[in-house]
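A quick write-up on the structure given underneath.
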Amino acid sequence: MKWFKADEGIRYREHPTRKHGVRLDRYFSIYYRLDGKQREEGLGWASKGWDLKKAKARLSELLENKRTGKGPVTLAESREQAKVEREIKAQADAETARAELSLANLWPGYLDVAMGTKPKSMRREKELWKLWVAPTVGSKPLKQVSPLDLERMKKRLAAVGRSARTIQYALALVRQMFNHARKAGLFAGDSPTKQVSKTKVVNQRVRFLSPEEAEQLLATLAEYSQDVHDQALLSLFSGCRWGEVAGLTWGNVDFNSNNLHLLDTKHGQRSIPMTAKVRDMLTRRQGEAKAHTPEILVFPARTGRPSPQVSQSFHHALVKLGFNDGVTDRRQKVCFHTLRHSYASWLVMAGTPLYTVARLLGHSTLSMTERYSHLAPDHVREAVANLEAFEKGRSGKMVRIGRD
């Protein structure tokens, strides 16, 4: 392709067909001597913004740099320098963005990830974010969120009567958002929650039903809803959590071994022997069901999916019976979880070993079951008394066993 001289050290060639304005498009190039050798570098097409004036300015700039010894002396060096400068600027912009990143900026990304990894807890986290975290520290850059800010949030939660567990959940949300930022490379420090004093949770249910109260509750529930009656009966005589009741399928019910096989529980899998009442109830429901293949729920909601929460019929029954009248301590209030607590309490009162109770309840550690130990019957205490008598030995002197 033929080249045409445009000026000293500048030439161009024309595109064979493409036009720019009324003329053929031109490609500009500069040439000069560097270190005793002829050098030529292309600039670009006129259609991309190049013209003779810009070409002369660029050539003059490079020649001046060569004369003074400052700056790039070739287009390649100039482009490399521009690239480095862009990278430095991008890095500086990223640092600025990280320095200014707030929890509010972080929330949408955290929400997307959390919805995929822990969808069940997102309703609570959204509420905590909206009511407490966002108003307190949402607009602050992550680097400026201090332990004092979080202590103030704790104080506000406590002032309106929120439980210690709710306060823990709010702090956990903040901690998880900081962890998310760190994993995404948006934050390099520690979460300020590490320096916040821990709130002691005394949240264990104390109230359990007597057999007479259980009978009254089941009878009243039957007046409102047979389904809710059956759900309560199952929890009361198997210790199932609400989620385990709602998610129970016919595939979990083994009439041959007389067991309920729970496969996806809070702490793994467990099997629970069916009492006669539970077996009779499930046998009746199976006979009434239109279909009872393994994947079908025993207590399906109208959608065919597990019910998200306990029916209001349960709460109406409690109001009618007056079980919670005048009760202000939530640990003393009767709720659906009281049924599971009653099951465990009755087992211990009947002399069932705590280890066995832990297995039936699906506790991950025995310490979770030890809160029922005070309900152990007298014959368990008698066993300890017998041990003390054995220690005394025939001589009547106390024999030390083990170290002090």
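Convention: chains lettered A, B, ... in structure tokens order; per-chain residue numbering from 1; ligands numbered from 1 as shown.
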**Request:** Tell me which protein, DNA and RNA residues are within 9 Å of segment 108-120 of chain A, counting only C-alpha atoms, leaving out same-chain ones fewer than 4 positions away, and put them as a PyMOL selection string.
**Result:** chain A and resi 104+124+126+176-177+180-181
Deliver the residues from the most recent selection as a file, using N, CA and C atoms, as a compact mmCIF listing (two decimals), in the first residue's frame.
# COMPACT_ATOMS: atom_id res chain seq x y z
N ALA A 104 -24.38 -0.62 54.16
CA ALA A 104 -25.50 -0.45 53.23
C ALA A 104 -25.08 -0.79 51.80
N ARG A 124 -35.51 -13.39 59.25
CA ARG A 124 -35.07 -12.76 60.49
C ARG A 124 -33.97 -11.74 60.22
N LYS A 126 -33.36 -10.03 57.49
CA LYS A 126 -33.90 -8.84 56.82
C LYS A 126 -34.54 -7.90 57.84
N GLN A 176 -21.19 -11.46 60.22
CA GLN A 176 -21.23 -12.20 58.96
C GLN A 176 -21.05 -11.27 57.77
N MET A 177 -21.56 -10.04 57.87
CA MET A 177 -21.38 -9.08 56.78
C MET A 177 -19.91 -8.66 56.67
N HIS A 180 -18.13 -11.50 55.05
CA HIS A 180 -18.43 -11.49 53.61
C HIS A 180 -17.54 -10.48 52.89
N ALA A 181 -17.40 -9.29 53.49
CA ALA A 181 -16.56 -8.25 52.88
C ALA A 181 -15.10 -8.69 52.80
**Request:** Considering only C-alpha atoms, return as a PyMOL selection string whatever protein or nucleic-acid residues lie within 12 Å of segment 307-311 of chain A, sequence-local ones (same chain, fewer than 4 positions apart) excluded.
**Result:** chain A and resi 120+123+221+224-229+231-232+241-248+297-303+315-318+335-337
Store the residues of this selection in a file with C-alpha atoms, as an mmCIF file, in the first residue's frame.
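Result file again_29.cif:
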data_model
loop_
_atom_site.group_PDB
_atom_site.id
_atom_site.type_symbol
_atom_site.label_atom_id
_atom_site.label_comp_id
_atom_site.auth_asym_id
_atom_site.auth_seq_id
_atom_site.Cartn_x
_atom_site.Cartn_y
_atom_site.Cartn_z
ATOM 1 C CA LYS A 120 -34.360 -20.170 56.225
ATOM 2 C CA ARG A 123 -36.523 -13.436 57.049
ATOM 3 C CA LEU A 221 -57.151 -28.423 69.735
ATOM 4 C CA TYR A 224 -60.413 -26.194 66.415
ATOM 5 C CA SER A 225 -58.525 -28.416 63.962
ATOM 6 C CA GLN A 226 -57.839 -32.136 63.704
ATOM 7 C CA ASP A 227 -54.609 -31.413 61.810
ATOM 8 C CA VAL A 228 -53.269 -29.144 64.543
ATOM 9 C CA HIS A 229 -54.343 -31.688 67.165
ATOM 10 C CA GLN A 231 -49.321 -32.158 64.944
ATOM 11 C CA ALA A 232 -49.342 -31.353 68.664
ATOM 12 C CA ARG A 241 -39.518 -29.793 66.636
ATOM 13 C CA TRP A 242 -42.085 -27.828 64.635
ATOM 14 C CA GLY A 243 -39.937 -27.970 61.505
ATOM 15 C CA GLU A 244 -39.622 -31.742 61.863
ATOM 16 C CA VAL A 245 -43.393 -32.088 62.256
ATOM 17 C CA ALA A 246 -44.129 -29.862 59.249
ATOM 18 C CA GLY A 247 -41.524 -31.630 57.107
ATOM 19 C CA LEU A 248 -42.461 -35.214 58.057
ATOM 20 C CA LEU A 297 -46.028 -34.849 53.548
ATOM 21 C CA VAL A 298 -47.999 -36.181 56.496
ATOM 22 C CA PHE A 299 -49.197 -32.639 57.281
ATOM 23 C CA PRO A 300 -49.141 -30.753 53.949
ATOM 24 C CA ALA A 301 -50.168 -27.119 53.718
ATOM 25 C CA ARG A 302 -52.697 -26.097 51.092
ATOM 26 C CA THR A 303 -49.816 -25.524 48.699
ATOM 27 C CA HIS A 315 -52.659 -20.076 69.818
ATOM 28 C CA HIS A 316 -56.456 -19.791 70.016
ATOM 29 C CA ALA A 317 -56.516 -22.990 72.092
ATOM 30 C CA LEU A 318 -53.915 -21.587 74.500
ATOM 31 C CA CYS A 335 -45.913 -22.465 72.957
ATOM 32 C CA PHE A 336 -45.561 -25.274 70.431
ATOM 33 C CA HIS A 337 -41.974 -25.911 71.564
#
**Request:** If you run DSSP over the backbone, which residues in segment 18-110 of chain A end up helix (DSSP H, G or I)? Put them as a ChimeraX atom specification.
**Result:** /A:46-48,52-68,75-100,103-110
**Asked** Can you tell me how far atom CA of Ala57 of chain A sits from atom CA of Phe28 of chain A, in Å to one decimal?
**Response**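 Computing the Euclidean distance for atom CA of Ala57 of chain A and atom CA of Phe28 of chain A yields 12.6 Å.
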